[in-house]
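Working notes, structure below.
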Amino acid sequence: MVLLERKRLTSGTTWHAAGLITQARPTFGTREIVRRSLRVFQTLPEETGFATGFERTGTLHLADGAARLEELLRQASAARANGITAELVSAEQAAELFPPLYPGDLAGAVYYPDDGRGNATDTTMALAAGARQLGVRILENTKVTKVIRRDGRVAGVTTEHGDVEAEYVVAAPGMWGREFGALAGVAIPLQALAHYYVITEAIPGLPPACRRSRRPRTTRT
Ligand SMILES: Cc1cc2nc3c(=O)[nH]c(=O)nc-3n(C[C@H](O)[C@H](O)[C@H](O)COP(=O)(O)OP(=O)(O)OC[C@H]3O[C@@H](n4cnc5c(N)ncnc54)[C@H](O)[C@@H]3O)c2cc1C
């Protein structure tokens with residue numbers, strides 16, 4: 001198995017990711033990816049010797065009104081179908097979990113205790129180390145310039161440094177998906193959008209991560 005990377009590993013959007021790992025996703029499949037990834041992130045450092053920075057902090061999803069709370073409860077109910085723990089907490093319980101919150105502004109919240117955060121770059125390097133241990137070759141600075149097709153199916157790719165024959169080609173080029181699809185004559189309707197986060201100086205009273213050893217009494221819906 002060969003992994004081809006145009007530049008360096010993590011040079012795509014992964015380099016920018018804040019590293020929040022939350023299972024509150026809109027579809028069964030995307031929730032399942034995160035649920036299984038959480039399991040992998042916990043064992044990866046031991047298996048590869050590379051730290052991922054994973055920390056189980058839990059995440060709180062806040063509702064500022066009844067309509068938003070109903071939406072969050074529906075999302076939580078769908079998450080439970082994946083076997084994900086999602087708990088309704090009152091505004092006061094949310095503030096207990098995350099003291100800087102002002103509960104007076106909230107209608108309630110949903111708490112995912114198994115969520116966490118990690119370092120996207122370190123996690124990628126640990127995954128790459130694990131893949132190499134299993135025999136995967138990772139070729140960086142190797143851009144795919146063409147998809148080779150034979151008898152109506154994909155037969156490999158052309159790179160800047162030569163051809164690679166392959167029975168299967170998995171395209172995972174992120175926001176370059178549209179351009180990559182065009183190499184195979186496939187129109188992939190993908191549009192990259194700006195995505196922001198803010199890094200501040202330390203804010204007095206706001207801890208870098210709020211973890212509680214004591215879990216609040218929660219209400220199941
Ligand atoms: C500011 C920001 C914050 C984010 N925060 C979070 C967060 O907290 N939690 C979260 O879950 N997600 C977050 N995301 C989203 C997350 O970063 C992406 O979903 C994730 O990085 C996508 O990974 P990927 O491997 O699919 O794509 P990428 O990391 O973009 O990898 C695609 C790779 O394909 C390579 N490539 C492209 N074309 C070719 C070619 N022709 N030949 C060879 N290689 C090629 C690129 O060089 C690139 O390295 C954030 C995104 C941004 C921008």
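Ordering of the structure tokens sets the chain letters (A, B, ...), residue numbers begin anew at 1 in every chain, and ligands are numbered from 1 in the order given.
Once only C-alpha atoms and all ligand atoms are used for the distance check, the residues close to ligand 1 at 6 Å turn out to be A:Leu4, A:Glu5, A:Arg6, A:Lys7, A:Leu9, A:Thr10, A:Ser11, A:Gly12, A:Thr13, A:Thr14, A:His16, A:Ala17, A:Ala18, A:Gly19, A:Leu20, A:Ile21, A:Lys143, A:Val144, A:Thr145, A:Ala172, A:Pro173, A:Gly174, A:Met175, A:Trp176, A:Phe180, A:His195, A:Tyr196, A:Tyr197.
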Quick one: residues within 8 Å of region 104-109 of chain A, only C-alpha atoms counted, chain neighbours fewer than 2 positions away excluded, as a count of residues only?
16
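Distances to Pro45 (chain A) were evaluated for A:Ala128, A:Ala194, A:Leu3, A:Val136 using only C-alpha atoms, and the minimum falls at A:Ala128.
Here CA of Thr22 (chain A) stands at a distance of 16.4 Å from CA of Leu97 (chain A).
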Quick one: residues within 10 Å of Ser37 (chain A), only C-alpha atoms counted, chain neighbours fewer than 5 positions away excluded, as a compact mmCIF listing (two decimals) with all heavy atoms, in the first residue's frame?
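part.txt was written with the following content:
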```txt
# COMPACT_ATOMS: atom_id res chain seq x y z
N ILE A 21 -12.55 17.10 19.15
CA ILE A 21 -13.06 15.82 18.66
C ILE A 21 -14.43 15.62 19.27
O ILE A 21 -14.55 15.28 20.45
CB ILE A 21 -12.11 14.67 19.06
CG1 ILE A 21 -10.69 14.96 18.55
CG2 ILE A 21 -12.61 13.33 18.51
CD1 ILE A 21 -9.60 14.21 19.27
N GLN A 23 -18.43 14.02 18.89
CA GLN A 23 -19.23 12.99 18.21
C GLN A 23 -20.59 13.52 17.77
O GLN A 23 -21.35 12.79 17.14
CB GLN A 23 -19.42 11.80 19.15
CG GLN A 23 -18.09 11.17 19.56
CD GLN A 23 -18.26 10.17 20.68
OE1 GLN A 23 -18.30 8.98 20.47
NE2 GLN A 23 -18.39 10.67 21.89
N ARG A 31 -20.75 10.14 12.60
CA ARG A 31 -20.64 9.89 14.05
C ARG A 31 -19.80 8.64 14.30
O ARG A 31 -18.99 8.60 15.22
CB ARG A 31 -22.04 9.71 14.67
CG ARG A 31 -22.82 10.99 14.82
CD ARG A 31 -24.05 10.78 15.65
NE ARG A 31 -25.04 9.93 15.04
CZ ARG A 31 -25.98 10.35 14.19
NH1 ARG A 31 -26.07 11.61 13.86
NH2 ARG A 31 -26.85 9.50 13.67
N GLU A 32 -20.00 7.65 13.46
CA GLU A 32 -19.28 6.38 13.63
C GLU A 32 -17.78 6.59 13.41
O GLU A 32 -16.95 6.02 14.11
CB GLU A 32 -19.86 5.37 12.63
CG GLU A 32 -19.66 3.94 12.98
CD GLU A 32 -20.16 3.51 14.36
OE1 GLU A 32 -20.99 4.20 14.97
OE2 GLU A 32 -19.66 2.48 14.83
N GLN A 42 -6.91 6.62 21.64
CA GLN A 42 -6.52 6.24 23.00
C GLN A 42 -5.41 5.19 23.00
O GLN A 42 -4.58 5.18 23.89
CB GLN A 42 -7.74 5.73 23.75
CG GLN A 42 -8.57 6.89 24.31
CD GLN A 42 -9.96 6.50 24.71
OE1 GLN A 42 -10.20 5.36 25.08
NE2 GLN A 42 -10.89 7.42 24.64
```
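Using only C-alpha atoms, the smallest distance between any of A:Thr59, A:Thr85, A:Ser77, A:Thr123 and Trp15 (chain A) comes from A:Thr123.
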Could you check the closest approach to Arg56 (chain A) for each of A:Leu38, A:Ile203, A:Met125, A:Ala171 and tell me which residue wins, using only C-alpha atoms?
A:Leu38
Please identify the strand (DSSP E) residues within region 68-142 of chain A (assignment by DSSP from backbone atoms) and present them as a PyMOL selection string.
chain A and resi 87-89+108-112+116-117+137-139
Store the residues picked out above, limited to all heavy atoms, as a short mmCIF file (atom, residue, chain, number, x, y, z; two decimals), in the first residue's frame.
```
data_model
loop_
_atom_site.label_atom_id
_atom_site.label_comp_id
_atom_site.auth_asym_id
_atom_site.auth_seq_id
_atom_site.Cartn_x
_atom_site.Cartn_y
_atom_site.Cartn_z
N GLU A 87 -25.78 13.36 27.24
CA GLU A 87 -26.63 13.59 28.40
C GLU A 87 -27.17 15.01 28.42
O GLU A 87 -26.41 15.97 28.21
CB GLU A 87 -25.82 13.34 29.68
CG GLU A 87 -25.29 11.92 29.78
CD GLU A 87 -24.21 11.76 30.82
OE1 GLU A 87 -23.80 12.76 31.44
OE2 GLU A 87 -23.76 10.62 31.00
N LEU A 88 -28.46 15.12 28.69
CA LEU A 88 -29.06 16.44 28.87
C LEU A 88 -28.61 16.99 30.22
O LEU A 88 -28.70 16.28 31.23
CB LEU A 88 -30.59 16.33 28.85
CG LEU A 88 -31.35 17.57 29.28
CD1 LEU A 88 -31.16 18.70 28.28
CD2 LEU A 88 -32.83 17.25 29.43
N VAL A 89 -28.10 18.20 30.24
CA VAL A 89 -27.75 18.83 31.52
C VAL A 89 -28.44 20.19 31.60
O VAL A 89 -28.68 20.85 30.58
CB VAL A 89 -26.20 19.01 31.72
CG1 VAL A 89 -25.50 17.68 31.80
CG2 VAL A 89 -25.60 19.85 30.60
N GLY A 108 -30.33 25.19 28.47
CA GLY A 108 -29.87 23.85 28.80
C GLY A 108 -28.70 23.50 27.90
O GLY A 108 -28.25 24.33 27.11
N ALA A 109 -28.23 22.26 28.02
CA ALA A 109 -27.08 21.85 27.21
C ALA A 109 -27.07 20.34 27.08
O ALA A 109 -27.76 19.64 27.83
CB ALA A 109 -25.78 22.33 27.87
N VAL A 110 -26.33 19.87 26.10
CA VAL A 110 -26.11 18.42 25.99
C VAL A 110 -24.61 18.18 26.16
O VAL A 110 -23.77 18.88 25.58
CB VAL A 110 -26.62 17.86 24.64
CG1 VAL A 110 -26.22 16.40 24.50
CG2 VAL A 110 -28.14 17.99 24.57
N TYR A 111 -24.31 17.20 27.00
CA TYR A 111 -22.93 16.90 27.39
C TYR A 111 -22.51 15.55 26.79
O TYR A 111 -23.22 14.56 26.95
CB TYR A 111 -22.87 16.86 28.92
CG TYR A 111 -21.54 16.52 29.53
CD1 TYR A 111 -20.38 17.18 29.14
CD2 TYR A 111 -21.45 15.56 30.54
CE1 TYR A 111 -19.17 16.88 29.72
CE2 TYR A 111 -20.23 15.25 31.14
CZ TYR A 111 -19.10 15.91 30.72
OH TYR A 111 -17.90 15.62 31.31
N TYR A 112 -21.40 15.56 26.08
CA TYR A 112 -20.82 14.33 25.51
C TYR A 112 -19.53 14.04 26.30
O TYR A 112 -18.47 14.58 25.98
CB TYR A 112 -20.49 14.53 24.03
CG TYR A 112 -21.70 14.64 23.14
CD1 TYR A 112 -22.43 15.82 23.07
CD2 TYR A 112 -22.11 13.58 22.34
CE1 TYR A 112 -23.56 15.94 22.26
CE2 TYR A 112 -23.23 13.68 21.52
CZ TYR A 112 -23.95 14.85 21.48
OH TYR A 112 -25.05 14.96 20.67
N GLY A 116 -13.27 14.83 23.26
CA GLY A 116 -12.01 15.37 23.76
C GLY A 116 -11.35 16.27 22.75
O GLY A 116 -12.00 16.82 21.86
N ARG A 117 -10.07 16.40 22.91
CA ARG A 117 -9.31 17.18 21.94
C ARG A 117 -7.93 16.53 21.79
O ARG A 117 -7.48 15.78 22.66
CB ARG A 117 -9.19 18.63 22.37
CG ARG A 117 -8.46 18.78 23.67
CD ARG A 117 -8.32 20.22 24.04
NE ARG A 117 -7.40 20.30 25.16
CZ ARG A 117 -6.96 21.43 25.66
NH1 ARG A 117 -7.35 22.57 25.16
NH2 ARG A 117 -6.13 21.42 26.66
N ARG A 137 3.91 2.38 2.51
CA ARG A 137 4.97 3.32 2.08
C ARG A 137 4.35 4.69 1.96
O ARG A 137 3.31 4.85 1.31
CB ARG A 137 5.55 2.91 0.73
CG ARG A 137 6.49 1.71 0.82
CD ARG A 137 6.98 1.34 -0.55
NE ARG A 137 7.90 2.35 -1.10
CZ ARG A 137 8.12 2.51 -2.41
NH1 ARG A 137 7.49 1.78 -3.29
NH2 ARG A 137 8.96 3.43 -2.82
N ILE A 138 4.99 5.70 2.55
CA ILE A 138 4.46 7.06 2.48
C ILE A 138 5.44 7.90 1.68
O ILE A 138 6.60 8.06 2.08
CB ILE A 138 4.24 7.64 3.90
CG1 ILE A 138 3.19 6.79 4.63
CG2 ILE A 138 3.79 9.10 3.83
CD1 ILE A 138 2.90 7.19 6.06
N LEU A 139 4.99 8.39 0.52
CA LEU A 139 5.87 9.19 -0.34
C LEU A 139 5.40 10.64 -0.31
O LEU A 139 4.33 10.97 -0.85
CB LEU A 139 5.83 8.65 -1.77
CG LEU A 139 6.21 7.16 -1.94
CD1 LEU A 139 6.08 6.73 -3.39
CD2 LEU A 139 7.64 6.91 -1.44
#
```
If we count only C-alpha atoms and set the cut-off at 7 Å, which residues sit around Leu44 (chain A), ignoring sequence neighbours fewer than 4 positions away in its own chain? Please answer as a list in words.
Val40, Thr48 and Ala126 of chain A
CA of Asn141 (chain A) to CA of Ala184 (chain A): how many Å, to one decimal?
20.7 Å
In terms of only C-alpha atoms, the residue from A:Ala24, A:Val170, A:Val198, A:Leu206 at minimal distance from Met1 (chain A) is A:Val170
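Nearest residue to Thr52 (chain A), choosing from A:Ala120, A:Leu101, A:Val169, A:Ile148 and counting only C-alpha atoms: A:Ala120.
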What's the 6 Å shell around Gly156 (chain A), counting only C-alpha atoms, without same-chain residues fewer than 5 positions away, as a ChimeraX atom specification?
/A:148,164-166
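Note that the spacing between CA of Phe50 (chain A) and CA of Gly83 (chain A) amounts to 28.4 Å.
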Pick from A:Glu96, A:Asp114, A:Asp151, A:Glu179: nearest to Thr57 (chain A), with only C-alpha atoms counted?
A:Asp114
Those in chain A with alpha helix (DSSP H) from DSSP, as number ranges by chain:
A: 28-48, 66-80, 91-97, 120-133, 177-183
